[in-house]
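> See coords_11.tsv below, with TSV, C-alpha atoms.
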```
chain	number	residue	atom	x	y	z
A	678	MET	CA	-12.88	-40.13	-13.54
A	679	HIS	CA	-10.77	-42.04	-16.02
A	680	GLN	CA	-10.17	-39.17	-18.43
A	681	ASP	CA	-6.48	-38.35	-18.94
A	682	ALA	CA	-5.76	-34.65	-18.44
A	683	SER	CA	-4.16	-34.59	-21.88
A	684	ASP	CA	-7.40	-35.52	-23.67
A	685	TYR	CA	-9.28	-32.55	-25.04
A	686	VAL	CA	-12.33	-32.61	-27.27
A	687	VAL	CA	-13.95	-29.79	-29.18
A	688	TYR	CA	-17.24	-30.22	-30.95
A	689	GLU	CA	-19.01	-27.30	-32.50
A	690	GLU	CA	-22.25	-26.47	-34.19
A	691	ASN	CA	-21.58	-26.37	-37.93
A	692	GLY	CA	-24.84	-25.18	-39.40
A	693	GLY	CA	-26.73	-21.97	-39.68
A	694	ASP	CA	-24.92	-18.97	-38.32
A	695	ALA	CA	-22.15	-20.59	-36.30
A	696	LEU	CA	-18.62	-19.73	-37.34
A	697	PRO	CA	-16.52	-22.67	-38.62
A	698	TYR	CA	-13.66	-22.85	-36.08
A	699	THR	CA	-13.37	-26.65	-35.98
A	700	GLU	CA	-10.63	-26.88	-38.60
A	701	ASP	CA	-8.40	-24.56	-36.54
A	702	ALA	CA	-9.37	-25.95	-33.14
A	703	GLU	CA	-7.55	-29.27	-33.41
A	704	GLY	CA	-4.39	-27.67	-34.76
A	705	ASN	CA	-4.38	-25.00	-32.05
A	706	LEU	CA	-4.90	-27.57	-29.30
A	707	SER	CA	-2.51	-30.24	-30.53
A	708	GLY	CA	0.52	-28.27	-29.37
A	709	VAL	CA	-0.87	-28.14	-25.83
A	710	TYR	CA	-2.82	-31.40	-25.48
A	711	THR	CA	-1.39	-34.69	-26.69
A	712	ASN	CA	-4.77	-36.14	-27.67
A	713	ALA	CA	-6.58	-33.07	-28.99
A	714	LYS	CA	-9.46	-33.95	-31.29
A	715	ALA	CA	-12.03	-31.73	-32.96
A	716	TYR	CA	-15.46	-32.87	-34.16
A	717	LYS	CA	-18.05	-31.08	-36.27
A	718	CYS	CA	-21.55	-31.34	-34.89
A	719	ASN	CA	-24.87	-29.60	-35.32
A	720	VAL	CA	-25.77	-29.30	-31.65
A	721	ALA	CA	-29.43	-28.64	-32.46
A	722	GLU	CA	-29.84	-31.98	-34.27
A	723	TYR	CA	-30.14	-35.09	-32.08
A	724	ASP	CA	-28.74	-37.49	-34.71
A	725	SER	CA	-25.68	-35.28	-35.21
A	726	VAL	CA	-25.06	-35.07	-31.46
A	727	LYS	CA	-25.51	-38.85	-31.02
A	728	GLU	CA	-23.04	-39.56	-33.86
A	729	THR	CA	-20.51	-37.13	-32.40
A	730	VAL	CA	-20.79	-38.58	-28.91
A	731	ALA	CA	-20.39	-42.10	-30.33
A	732	ALA	CA	-17.22	-40.98	-32.12
A	733	ILE	CA	-15.90	-39.35	-28.91
A	734	LYS	CA	-16.63	-42.54	-26.97
A	735	ASN	CA	-14.90	-44.61	-29.64
A	736	ASP	CA	-11.84	-42.32	-29.74
A	737	LEU	CA	-11.45	-41.52	-26.04
A	738	GLY	CA	-13.69	-43.81	-24.03
A	739	ASN	CA	-14.79	-41.97	-20.91
A	740	VAL	CA	-15.79	-38.33	-20.69
A	741	GLY	CA	-15.40	-36.35	-17.49
A	742	ILE	CA	-16.30	-32.78	-18.47
A	743	LEU	CA	-18.76	-31.16	-20.85
A	744	ILE	CA	-18.79	-27.43	-21.52
A	745	ASN	CA	-21.95	-26.47	-23.41
A	746	ASN	CA	-20.78	-23.29	-25.09
A	747	ALA	CA	-22.49	-23.27	-28.49
A	748	GLY	CA	-24.68	-20.23	-28.91
A	749	ILE	CA	-26.10	-17.86	-31.46
A	750	ASN	CA	-27.79	-14.50	-31.26
A	751	LYS	CA	-29.82	-12.40	-33.64
A	752	CYS	CA	-30.01	-8.85	-32.33
A	753	THR	CA	-33.73	-8.40	-32.86
A	754	ILE	CA	-36.23	-6.65	-30.63
A	755	ILE	CA	-39.50	-8.41	-29.88
A	756	GLN	CA	-41.51	-6.25	-32.28
A	757	LEU	CA	-39.28	-7.35	-35.18
A	758	GLU	CA	-38.75	-10.96	-34.08
A	759	THR	CA	-39.59	-13.71	-36.56
A	760	LYS	CA	-40.72	-17.22	-35.71
A	761	GLU	CA	-37.84	-18.61	-37.80
A	762	ASN	CA	-35.22	-16.59	-35.92
A	763	TRP	CA	-36.80	-17.40	-32.55
A	764	GLU	CA	-36.76	-21.14	-33.27
A	765	LYS	CA	-33.16	-21.08	-34.55
A	766	VAL	CA	-31.88	-19.33	-31.40
A	767	MET	CA	-33.84	-21.72	-29.16
A	768	SER	CA	-32.70	-24.79	-31.11
A	769	VAL	CA	-29.00	-24.00	-30.73
A	770	ASN	CA	-28.94	-22.30	-27.32
A	771	VAL	CA	-31.49	-24.43	-25.45
A	772	THR	CA	-32.05	-27.66	-27.39
A	773	GLY	CA	-28.32	-27.93	-28.12
A	774	THR	CA	-27.54	-27.59	-24.42
A	775	MET	CA	-30.16	-30.21	-23.51
A	776	LEU	CA	-28.87	-32.65	-26.13
A	777	GLY	CA	-25.31	-32.21	-24.87
A	778	ILE	CA	-26.43	-32.94	-21.31
A	779	LYS	CA	-28.57	-35.89	-22.39
A	780	THR	CA	-25.93	-37.64	-24.47
A	781	MET	CA	-22.74	-36.84	-22.57
A	782	SER	CA	-24.19	-37.52	-19.11
A	783	SER	CA	-24.74	-41.15	-20.09
A	784	LEU	CA	-20.99	-41.49	-20.73
A	785	MET	CA	-20.22	-39.70	-17.46
A	786	ARG	CA	-22.58	-41.95	-15.57
A	787	LYS	CA	-20.77	-45.04	-16.86
A	788	SER	CA	-17.40	-43.60	-15.81
A	789	GLY	CA	-18.47	-42.72	-12.27
A	790	GLY	CA	-19.36	-39.05	-12.59
A	791	GLY	CA	-18.36	-35.79	-14.14
A	792	SER	CA	-19.03	-32.11	-14.49
A	793	ILE	CA	-21.28	-30.27	-16.93
A	794	ILE	CA	-20.83	-26.53	-17.37
A	795	ASN	CA	-23.51	-24.69	-19.33
A	796	MET	CA	-22.96	-21.23	-20.73
A	797	ALA	CA	-25.81	-18.96	-19.68
A	798	SER	CA	-25.57	-15.16	-19.65
A	799	THR	CA	-26.36	-12.19	-17.47
A	800	THR	CA	-29.15	-11.56	-19.98
A	801	GLY	CA	-30.80	-14.71	-18.63
A	802	SER	CA	-31.13	-13.22	-15.16
A	803	ASN	CA	-31.28	-9.47	-15.80
A	804	GLY	CA	-33.41	-9.49	-18.92
A	805	HIS	CA	-32.41	-7.81	-22.15
A	806	TRP	CA	-33.91	-6.10	-25.18
A	807	VAL	CA	-32.88	-9.05	-27.41
A	808	ALA	CA	-35.84	-11.29	-26.55
A	809	ALA	CA	-34.84	-14.63	-28.14
A	810	TYR	CA	-31.30	-14.64	-26.75
A	811	SER	CA	-32.35	-13.45	-23.30
A	812	THR	CA	-35.14	-16.04	-23.14
A	813	SER	CA	-32.81	-18.82	-24.29
A	814	LYS	CA	-30.25	-18.01	-21.60
A	815	TRP	CA	-32.99	-17.91	-18.95
A	816	ALA	CA	-34.01	-21.38	-20.15
A	817	VAL	CA	-30.41	-22.60	-19.88
A	818	ARG	CA	-30.44	-21.58	-16.20
A	819	GLY	CA	-33.61	-23.60	-15.58
A	820	LEU	CA	-32.32	-26.56	-17.57
A	821	THR	CA	-29.09	-26.48	-15.56
A	822	ARG	CA	-30.96	-26.61	-12.26
A	823	SER	CA	-33.12	-29.48	-13.47
A	824	ALA	CA	-30.11	-31.43	-14.72
A	825	ALA	CA	-28.21	-30.80	-11.45
A	826	LEU	CA	-31.06	-32.32	-9.45
A	827	THR	CA	-31.52	-35.23	-11.83
A	828	LEU	CA	-27.85	-36.15	-12.28
A	829	ALA	CA	-26.58	-35.67	-8.70
A	830	PRO	CA	-27.19	-39.32	-7.70
A	831	TRP	CA	-24.61	-40.35	-10.36
A	832	ASN	CA	-21.97	-37.91	-9.11
A	833	ILE	CA	-22.50	-35.58	-12.08
A	834	ARG	CA	-22.40	-31.89	-11.22
A	835	CYS	CA	-24.19	-29.42	-13.46
A	836	ASN	CA	-23.53	-25.69	-13.20
A	837	ALA	CA	-24.06	-22.61	-15.33
A	838	ILE	CA	-21.73	-19.70	-15.88
A	839	SER	CA	-23.42	-16.36	-16.62
A	840	PRO	CA	-20.89	-13.93	-18.08
A	841	GLY	CA	-21.68	-10.43	-19.25
A	842	MET	CA	-20.57	-9.34	-22.68
A	843	VAL	CA	-17.33	-11.07	-23.68
A	844	GLU	CA	-15.42	-10.23	-26.85
A	845	THR	CA	-16.17	-13.32	-28.97
A	846	ALA	CA	-16.92	-14.04	-32.62
A	847	LEU	CA	-20.62	-13.93	-31.70
A	848	VAL	CA	-20.26	-10.40	-30.32
A	849	ALA	CA	-18.02	-9.29	-33.18
A	850	SER	CA	-20.64	-10.41	-35.70
A	851	ALA	CA	-23.16	-7.96	-34.24
A	852	SER	CA	-23.19	-4.35	-35.39
A	853	LYS	CA	-21.34	-1.68	-33.40
A	854	GLU	CA	-24.66	-0.05	-32.53
A	855	ASN	CA	-26.08	-3.30	-31.15
A	856	ASN	CA	-22.89	-3.89	-29.13
A	857	GLU	CA	-23.16	-0.44	-27.57
A	858	VAL	CA	-26.81	-0.99	-26.62
A	859	PHE	CA	-25.91	-4.44	-25.26
A	860	CYS	CA	-23.13	-2.99	-23.11
A	861	LYS	CA	-25.52	-0.41	-21.62
A	862	HIS	CA	-27.96	-3.12	-20.54
A	863	THR	CA	-25.63	-5.79	-19.10
```
Would you kindly transcribe this structure into structure tokens?


Amino acid sequence: MHQDASDYVVYEENGGDALPYTEDAEGNLSGVYTNAKAYKCNVAEYDSVKETVAAIKNDLGNVGILINNAGINKCTIIQLETKENWEKVMSVNVTGTMLGIKTMSSLMRKSGGGSIINMASTTGSNGHWVAAYSTSKWAVRGLTRSAALTLAPWNIRCNAISPGMVETALVASASKENNEVFCKHT
């Protein structure tokens, strides 16, 4: 891969319920990485992802690693689930992951390979009372396997990480009661 170890890119979903960390990301990284660059991107919108990837290619050239980490969750049980909420969770967690793979793998292919790491969850393998999130993370596991098989001939690895509950802004935004129930089931 031709990516310099000092190049670091952050691009985040900037619509809906995602928290706006992009402004801080570049400043926090610039002290560690000489070429830190942050981009705003709505990962669920193909045009936004294409524009962001074009800007990354223009700024840095080759890309060697993609970490698909954008995700949202609405702590709603199936009986209270709405179609709007369901579609929003799927659009960020699943469609966003697919669009990241689709667009960034073309840059990796041109540079001789790379590694894609998708953020799944233990809820995607163990099941969970939060239906939309659990289903989306199960889908990320399937998408990862499909991408691994498809991209292997171009020396692009695709793996998923499935952590349990991690103290993040996503978790902090949920109520204490929901966090306690989540902890009991993961």

> Once you count only C-alpha atoms, which residues end up no further than 10 Å from (-20.2, -41.2, -10.4) in the file's frame, shown as a ChimeraX atom specification?

/A:678,741,785-791,828-834

> At what distance in Å, to one decimal, does atom CA of A:Lys765 lie from atom CA of A:Ile744?

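Atom-to-atom, atom CA of A:Ile744 and atom CA of A:Lys765 are spaced 20.4 Å apart.
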
> At most 7 Å from (-27.9, -27.2, -29.9), file frame, all atoms listed in the file: which residues, as a ChimeraX atom specification?

/A:719-722,747,768-774,776

> For A:Val817, list every protein, DNA or RNA residue within 12 Å, evaluated using all atoms listed in the file, and leave out those in the same chain fewer than 6 positions away; present the list as a ChimeraX atom specification.

/A:745-748,767-778,794-802,810-811,823-825,835-839

> Would you please work out which residue, of A:Met781, A:Ala732, A:Ile793, A:Asn750, is nearest to A:Trp763 when using only C-alpha atoms?

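Using only C-alpha atoms, A:Trp763 sits closest to A:Asn750.
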
> Any idea what the distance is between atom CA of A:Glu728 and atom CA of A:Lys714?

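Interatomic distance, atom CA of A:Glu728 to atom CA of A:Lys714: 14.9 Å.
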
> Mind pulling up the distance from atom CA of A:Ile754 to atom CA of A:Ala808?

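If I compute the distance from atom CA of A:Ala808 to atom CA of A:Ile754, I get 6.2 Å.
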
> Nearest to A:Leu743 among A:Val730, A:Ala809, A:Leu820, A:Leu757, with distances taken over only C-alpha atoms: which residue is it?

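Closest candidate: A:Val730.
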
> Using only C-alpha atoms, which protein or nucleic acid residues come within 10 Å of A:Gly738? Drop anything in the same chain fewer than 2 positions from it, and give the result as a list of chain:residue names.

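After dropping sequence-adjacent residues, the list is A:His679, A:Gln680, A:Ala731, A:Ala732, A:Ile733, A:Lys734, A:Asn735, A:Asp736, A:Val740, A:Leu784, A:Ser788.
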
> So which one's closest to A:Ala715, A:Thr753, A:Thr827, A:Asn803, A:Thr729? Using only C-alpha atoms, please.

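The closest residue to A:Ala715 is A:Thr729.
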